[in-house]
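Q: Take this structure first; my questions come after.
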Protein chains: 2
Amino acid sequence: MKNFADRLIEKIGEKKSVVCVGLDPRLNQIPKFIKEKALKKCKNKWQAAGEAILEFNKGIIDSVHDLVPCVKPQIAFYEMYGEEGIHAYNQTIKYAKKKDLLVIADAKRNDIGSTAEAYAKAFLGEVDLFDEKKPMFDADALTVTPYLGWDGIKPFVEVCKNHGKGIFILVKTSNPSSGDIQDVCIREGNEIFDIMGQYVESWGANETGESGYSFVGAVVGATYPKQAKRLRILMPNSIFLVPGYGAQGGSAEDVKPCFNGDGLGAIVNSSRGIIFAYEKSGKYGEKDFDKAAKDAVIKMNGALNKVI
Amino acid sequence: MKNFADRLIEKIGEKKSVVCVGLDPRLNQIPKFIKEKALKKCKNKWQAAGEAILEFNKGIIDSVHDLVPCVKPQIAFYEMYGEEGIHAYNQTIKYAKKKDLLVIADAKRNDIGSTAEAYAKAFLGEVDLFDEKKPMFDADALTVTPYLGWDGIKPFVEVCKNHGKGIFILVKTSNPSSGDIQDVCIREGNEIFDIMGQYVESWGANETGESGYSFVGAVVGATYPKQAKRLRILMPNSIFLVPGYGAQGGSAEDVKPCFNGDGLGAIVNSSRGIIFAYEKSGKYGEKDFDKAAKDAVIKMNGALNKVI
């Protein structure tokens, strides 16, 4: 089974892009014409919510799939619609994979070992279904929280190894309060996010592929370039998933320290800035949400490829 | 809207129990007769998995609902069956509430503010459904991870305040590697779990009900009694949700430090030790899984009520 890091780097090369498109389909920002069609078609509003989300995602995917290596559906915006939302989540993953995209399930799951194993099987491996084993979400990678330590991470690593999948562990997140825990200082120049970085590096040390990168990646926010610089040195073999570009304030210059000298080692996510670009576009109306997204991706690819 | 802490303490008084029954329905441990019935009834195995889980849970709930204040369904074991699993999760919550139980959704969710809000609405509040707002899972409380700091917690606190719900934030977890991050030492006698405890206490300081307890609770593992003792002093107003009793090794004596002098301040969870008690019972076969669970609850109530 090919290492996830190698698969990702191959795809980055093919598409000449380090952009990840975040599929966070907030219902109130989905174009009206999609919602009206879904409401007409479906038997109730929950089903219509799932249908509208899926239709919107398909439009975005069709429009950007040849321009980026991966997409990252954030599960909160799906599971809020219960089983209908989860149906849309699963169908979105299948559709994106068919369109030659890698899919990072952004679910930030974690628990004690035996429960983490259930999450790992659900998102990345195969679940026990009576006398069979079957894939459920079958994403290419998953975001994972680290607060429980190694035995909450190990089941993910094992499933990744057997199925050519990857994880991105939260190290330094992009939000304003990320320092509450992550910046707690052990001694000068050694904060909790450093400790997490050291863990991630060691957890992934034996999991590198031919590219030299590991399938155990790290989430490092675009909004903290100084910390990113330190983490890049600390974790030379980890791929960074970098949220916080655009709507959250991170610029192309800000994410530069997330990359290695080879121009690799990170993928930069934008969600709202791409999928809802139509709202701030002087050029496109809501009918052309997909074209507005495509333009935003082209612009982001250009900005990033210039600095790395 | 009545404070969740008050609602929980009232229920503890009614049932004379501080036990929480963990509904972690691992399919391979559910009695065969339930699975066979589900496979006959349903059109595919995914649906049968959801059906078997729900039937099993109903049996457990019917058997223990008058003996405990609350149940805690761990969502990993449901979402691994996708939309059918989520359907079973939702129906389990509804059924337990109808049977006069409080429901703690064990999902350990968290993210940056705008995404945390989506989780908060989904599990505890009301979601935006086109022109309406509707409850989705509508649990009484939710477990939450803390790695992102205050802005990932605030949306949960706000939804709790408006809907009489609660959260339990991971402080010191029950698993063997919990120390990897949680025991990192800032200075002697001051570890990361202490810092988390201080945060939880301050985040819940204004959220106390008539009981004096706050709806911002903490997860504190039964397997670490020394740390629990320190945390009990640090967080006098927080209710501890205590996992790790039984199968994970925690005893009644171990959980004693989680309680205040008033015999309140904690609920102790057992999952496998109760719901799959039939497997280790010399007395009951799988047909009587519900009776075995009831016996295990009575025993656990007795052991805990003796020490608190």
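Residues in the structure tokens are named by chain (A, B, ... in the order shown) and by number from 1 within that chain; ligands are numbered from 1 in the order shown.
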Skip region 125-136 of chain A itself and residues of its chain fewer than 3 positions away, then list as a VMD selection string all residues within 9 Å of it, counting only C-alpha atoms.
A: (chain A and resid 90 118 120 to 122 139 159 to 160 162 to 163 165) or (chain B and resid 27 to 28 35 45 to 46 49 80 to 82)
Q: Excluding Gly261 (chain B) and residues on its chain fewer than 2 positions from it, collect all residues at most 12 Å away from it, counting only C-alpha atoms, and give them as a list in words.
A: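 Non-adjacent residues within range: Arg232, Ile233, Pro236, Lys256, Pro257, Cys258, Phe259, Gly263, Leu264, Gly265, Ala266, Val307 and Ile308 of chain B.
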Q: Generate the output file for the selected residues, C-alpha atoms, as a JSON list (two decimals), in the first residue's frame.
A:
[["chain", "number", "residue", "atom", "x", "y", "z"],
["B", 232, "ARG", "CA", -11.30, 18.27, 43.41],
["B", 233, "ILE", "CA", -9.73, 21.03, 45.52],
["B", 236, "PRO", "CA", -14.91, 22.77, 43.91],
["B", 256, "LYS", "CA", -13.71, 8.52, 46.24],
["B", 257, "PRO", "CA", -11.45, 11.62, 45.82],
["B", 258, "CYS", "CA", -13.65, 12.78, 42.93],
["B", 259, "PHE", "CA", -16.48, 13.54, 45.35],
["B", 263, "GLY", "CA", -21.31, 13.12, 48.56],
["B", 264, "LEU", "CA", -21.90, 15.02, 45.33],
["B", 265, "GLY", "CA", -19.72, 16.48, 42.59],
["B", 266, "ALA", "CA", -19.15, 13.41, 40.44],
["B", 307, "VAL", "CA", -17.67, 5.15, 49.91],
["B", 308, "ILE", "CA", -19.12, 8.61, 49.16]]
Q: Could you list, as a compact mmCIF listing (two decimals) with N, CA and C atoms, in the first residue's frame, every residue within 12 Å of Ala292 (chain B), counting only C-alpha atoms and ignoring same-chain residues fewer than 5 positions away?
A:
# COMPACT_ATOMS: atom_id res chain seq x y z
N GLY B 59 -32.94 -2.46 25.37
CA GLY B 59 -32.96 -3.50 26.40
C GLY B 59 -32.21 -3.05 27.65
N ILE B 60 -31.05 -2.47 27.45
CA ILE B 60 -30.26 -1.98 28.60
C ILE B 60 -31.01 -0.84 29.31
N SER B 63 -33.89 -1.83 31.39
CA SER B 63 -33.49 -2.60 32.56
C SER B 63 -32.88 -1.73 33.68
N VAL B 64 -32.26 -0.62 33.30
CA VAL B 64 -31.51 0.16 34.32
C VAL B 64 -32.06 1.58 34.56
N ARG B 272 -18.47 -1.16 29.38
CA ARG B 272 -18.34 -2.63 29.20
C ARG B 272 -18.74 -3.42 30.43
N GLY B 273 -18.33 -2.94 31.61
CA GLY B 273 -18.59 -3.67 32.85
C GLY B 273 -20.07 -3.83 33.14
N ILE B 274 -20.91 -2.95 32.58
CA ILE B 274 -22.35 -3.08 32.79
C ILE B 274 -23.03 -3.69 31.57
N ILE B 275 -22.86 -3.06 30.41
CA ILE B 275 -23.70 -3.49 29.28
C ILE B 275 -23.33 -4.88 28.77
N PHE B 276 -22.07 -5.28 28.94
CA PHE B 276 -21.69 -6.63 28.53
C PHE B 276 -21.39 -7.52 29.73
N ALA B 277 -22.01 -7.19 30.86
CA ALA B 277 -21.82 -8.00 32.08
C ALA B 277 -22.20 -9.46 31.83
N TYR B 278 -23.15 -9.69 30.93
CA TYR B 278 -23.62 -11.07 30.68
C TYR B 278 -22.46 -11.99 30.26
N GLU B 279 -21.43 -11.40 29.58
CA GLU B 279 -20.33 -12.24 29.06
C GLU B 279 -19.53 -12.88 30.19
N LYS B 280 -19.47 -12.17 31.33
CA LYS B 280 -18.65 -12.69 32.43
C LYS B 280 -19.52 -13.22 33.57
N SER B 281 -20.82 -13.34 33.28
CA SER B 281 -21.73 -13.75 34.34
C SER B 281 -21.84 -15.27 34.34
N GLY B 282 -21.70 -15.86 35.49
CA GLY B 282 -21.95 -17.28 35.59
C GLY B 282 -23.45 -17.55 35.61
N LYS B 283 -24.23 -16.51 35.91
CA LYS B 283 -25.65 -16.68 36.20
C LYS B 283 -26.52 -16.52 34.95
N TYR B 284 -26.14 -15.55 34.09
CA TYR B 284 -27.02 -15.22 32.97
C TYR B 284 -26.39 -15.57 31.62
N GLY B 285 -27.20 -16.01 30.71
CA GLY B 285 -26.76 -16.18 29.32
C GLY B 285 -27.03 -14.92 28.52
N GLU B 286 -26.78 -14.97 27.21
CA GLU B 286 -26.91 -13.75 26.41
C GLU B 286 -28.36 -13.27 26.30
N LYS B 287 -29.32 -14.19 26.40
CA LYS B 287 -30.73 -13.78 26.34
C LYS B 287 -31.07 -12.84 27.51
N VAL B 297 -25.34 -2.93 37.71
CA VAL B 297 -25.64 -1.57 38.17
C VAL B 297 -25.93 -1.56 39.67
N ILE B 298 -26.72 -2.52 40.12
CA ILE B 298 -27.06 -2.59 41.55
C ILE B 298 -25.78 -2.74 42.39
N LYS B 299 -24.88 -3.59 41.89
CA LYS B 299 -23.61 -3.81 42.57
C LYS B 299 -22.77 -2.53 42.59
Q: Residues of chain A that approach chain B to 8 Å or less, counting only C-alpha atoms: could you list each one with the shortest pair of atoms and its distance in Å to one decimal, rows by chain and increasing residue number, as a tab-separated table?
A:
residue	atom	partner	partner_atom	distance
A:Leu27	CA	B:Phe130	CA	7.3
A:Asn28	CA	B:Phe130	CA	7.1
A:Lys45	CA	B:Leu129	CA	6.8
A:Trp46	CA	B:Leu129	CA	7.3
A:Ala49	CA	B:Leu129	CA	7.1
A:Ala76	CA	B:Tyr119	CA	5.6
A:Phe77	CA	B:Ala118	CA	6.3
A:Glu79	CA	B:Ala122	CA	7.3
A:Met80	CA	B:Ala122	CA	4.5
A:Tyr81	CA	B:Met136	CA	6.8
A:Gly82	CA	B:Ile86	CA	6.5
A:Glu83	CA	B:Glu83	CA	4.3
A:Glu84	CA	B:Glu83	CA	6.9
A:Ile86	CA	B:Glu83	CA	5.5
A:His87	CA	B:Glu83	CA	5.7
A:Asn90	CA	B:Gly82	CA	8.0
A:Lys108	CA	B:Asn110	CA	7.3
A:Arg109	CA	B:Arg109	CA	7.3
A:Asn110	CA	B:Lys108	CA	7.3
A:Asp111	CA	B:Lys108	CA	7.5
A:Ile112	CA	B:Asn175	CA	5.8
A:Gly113	CA	B:Asn175	CA	7.6
A:Thr115	CA	B:Ala76	CA	6.5
A:Ala116	CA	B:Ala76	CA	7.8
A:Ala118	CA	B:Ala76	CA	5.9
A:Tyr119	CA	B:Ala76	CA	5.6
A:Lys121	CA	B:Met80	CA	7.3
A:Ala122	CA	B:Met80	CA	4.5
A:Phe123	CA	B:Met80	CA	7.7
A:Val127	CA	B:Met80	CA	6.6
A:Asp128	CA	B:Leu27	CA	7.6
A:Leu129	CA	B:Lys45	CA	6.8
A:Phe130	CA	B:Asn28	CA	7.1
A:Met136	CA	B:Gly82	CA	6.6
A:Phe137	CA	B:Gly82	CA	7.5
A:Thr145	CA	B:Tyr147	CA	7.5
A:Pro146	CA	B:Tyr147	CA	7.8
A:Tyr147	CA	B:Ile181	CA	6.2
A:Leu148	CA	B:Ser178	CA	4.8
A:Gly149	CA	B:Asp180	CA	5.0
A:Trp150	CA	B:Ser177	CA	5.8
A:Asp151	CA	B:Ser177	CA	5.7
A:Gly152	CA	B:Ser177	CA	7.8
A:Thr173	CA	B:Leu148	CA	6.8
A:Ser174	CA	B:Ile112	CA	7.8
A:Asn175	CA	B:Ile112	CA	5.8
A:Pro176	CA	B:Asp151	CA	7.2
A:Ser177	CA	B:Gly149	CA	5.2
A:Ser178	CA	B:Leu148	CA	4.8
A:Gly179	CA	B:Gly149	CA	7.0
A:Asp180	CA	B:Gly149	CA	5.0
A:Ile181	CA	B:Gly149	CA	6.1
A:Gln182	CA	B:Tyr147	CA	7.1
A:Cys185	CA	B:Ile186	CA	7.0
A:Ile186	CA	B:Ile186	CA	4.9
A:Arg187	CA	B:Ile186	CA	7.7
A:Ile192	CA	B:Ile181	CA	8.0
A:Met196	CA	B:Ile181	CA	7.8
Q: So that I can check the surroundings of Thr92 (chain B), please list as a PDB file with N, CA and C atoms, in the first residue's frame every protein, DNA and RNA residue that reaches within 8 Å of it, counting only C-alpha atoms and ignoring chain neighbours fewer than 3 positions away.
A:
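Listing of selection-v1.pdb after writing:
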ATOM      1  N   LEU B  54     -29.617  -0.314  18.333  1.00  0.00           N
ATOM      2  CA  LEU B  54     -30.756   0.347  18.977  1.00  0.00           C
ATOM      3  C   LEU B  54     -31.545  -0.639  19.848  1.00  0.00           C
ATOM      4  N   ASN B  57     -29.558  -1.332  22.990  1.00  0.00           N
ATOM      5  CA  ASN B  57     -29.617  -0.180  23.898  1.00  0.00           C
ATOM      6  C   ASN B  57     -30.961  -0.087  24.608  1.00  0.00           C
ATOM      7  N   LYS B  58     -32.041  -0.326  23.862  1.00  0.00           N
ATOM      8  CA  LYS B  58     -33.377  -0.257  24.482  1.00  0.00           C
ATOM      9  C   LYS B  58     -33.505  -1.282  25.607  1.00  0.00           C
ATOM     10  N   ALA B  88     -29.368   5.380  14.747  1.00  0.00           N
ATOM     11  CA  ALA B  88     -29.462   4.630  16.006  1.00  0.00           C
ATOM     12  C   ALA B  88     -29.041   5.496  17.197  1.00  0.00           C
ATOM     13  N   TYR B  89     -28.041   6.348  16.982  1.00  0.00           N
ATOM     14  CA  TYR B  89     -27.570   7.241  18.062  1.00  0.00           C
ATOM     15  C   TYR B  89     -28.685   8.187  18.488  1.00  0.00           C
ATOM     16  N   TYR B  95     -34.942   7.747  23.181  1.00  0.00           N
ATOM     17  CA  TYR B  95     -35.508   6.687  24.018  1.00  0.00           C
ATOM     18  C   TYR B  95     -35.085   6.859  25.478  1.00  0.00           C
ATOM     19  N   ALA B  96     -33.811   7.166  25.687  1.00  0.00           N
ATOM     20  CA  ALA B  96     -33.304   7.332  27.057  1.00  0.00           C
ATOM     21  C   ALA B  96     -33.977   8.522  27.743  1.00  0.00           C
TER      22      ALA B  96
END
Q: Which residues are near Gly212 (chain B)? Cut-off 10 Å, only C-alpha atoms, ignore same chain within fewer than 6 positions. Put them as number ranges by chain.
A: B: 5-6, 205, 236-238
Q: Interatomic distance between CA of Asp100 (chain B) and CA of Lys37 (chain B)?
A: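 Interatomic distance here is 27.5 Å.
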Q: Any idea what's packed within 8 Å of Lys72 (chain B), counting only C-alpha atoms, ignoring anything in its chain fewer than 5 positions away? Could you give it as a VMD selection string?
A: chain B and resid 20 to 23 103 to 106 269
Q: Just to be explicit: take each residue in the selection above, keep C-alpha atoms, and write the result as a PDB file, in the first residue's frame.
A:
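So result_32.pdb came out as:
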ATOM      1  CA  CYS B  20     -23.584   6.681  34.525  1.00  0.00           C
ATOM      2  CA  VAL B  21     -24.118   3.762  32.153  1.00  0.00           C
ATOM      3  CA  GLY B  22     -21.896   3.979  29.094  1.00  0.00           C
ATOM      4  CA  LEU B  23     -23.703   2.838  25.972  1.00  0.00           C
ATOM      5  CA  VAL B 103     -28.069  11.793  28.271  1.00  0.00           C
ATOM      6  CA  ILE B 104     -24.403  12.737  28.021  1.00  0.00           C
ATOM      7  CA  ALA B 105     -23.291  12.571  24.385  1.00  0.00           C
ATOM      8  CA  ASP B 106     -19.717  11.319  24.534  1.00  0.00           C
ATOM      9  CA  ASN B 269     -19.229   5.849  34.280  1.00  0.00           C
TER      10      ASN B 269
END
Q: Which of region 25-217 of chain A counts as alpha helix (DSSP H) under DSSP, as a PyMOL selection string please?
A: chain A and resi 32-41+45-64+76-79+82-98+113-123+154-163+179-182+192-204
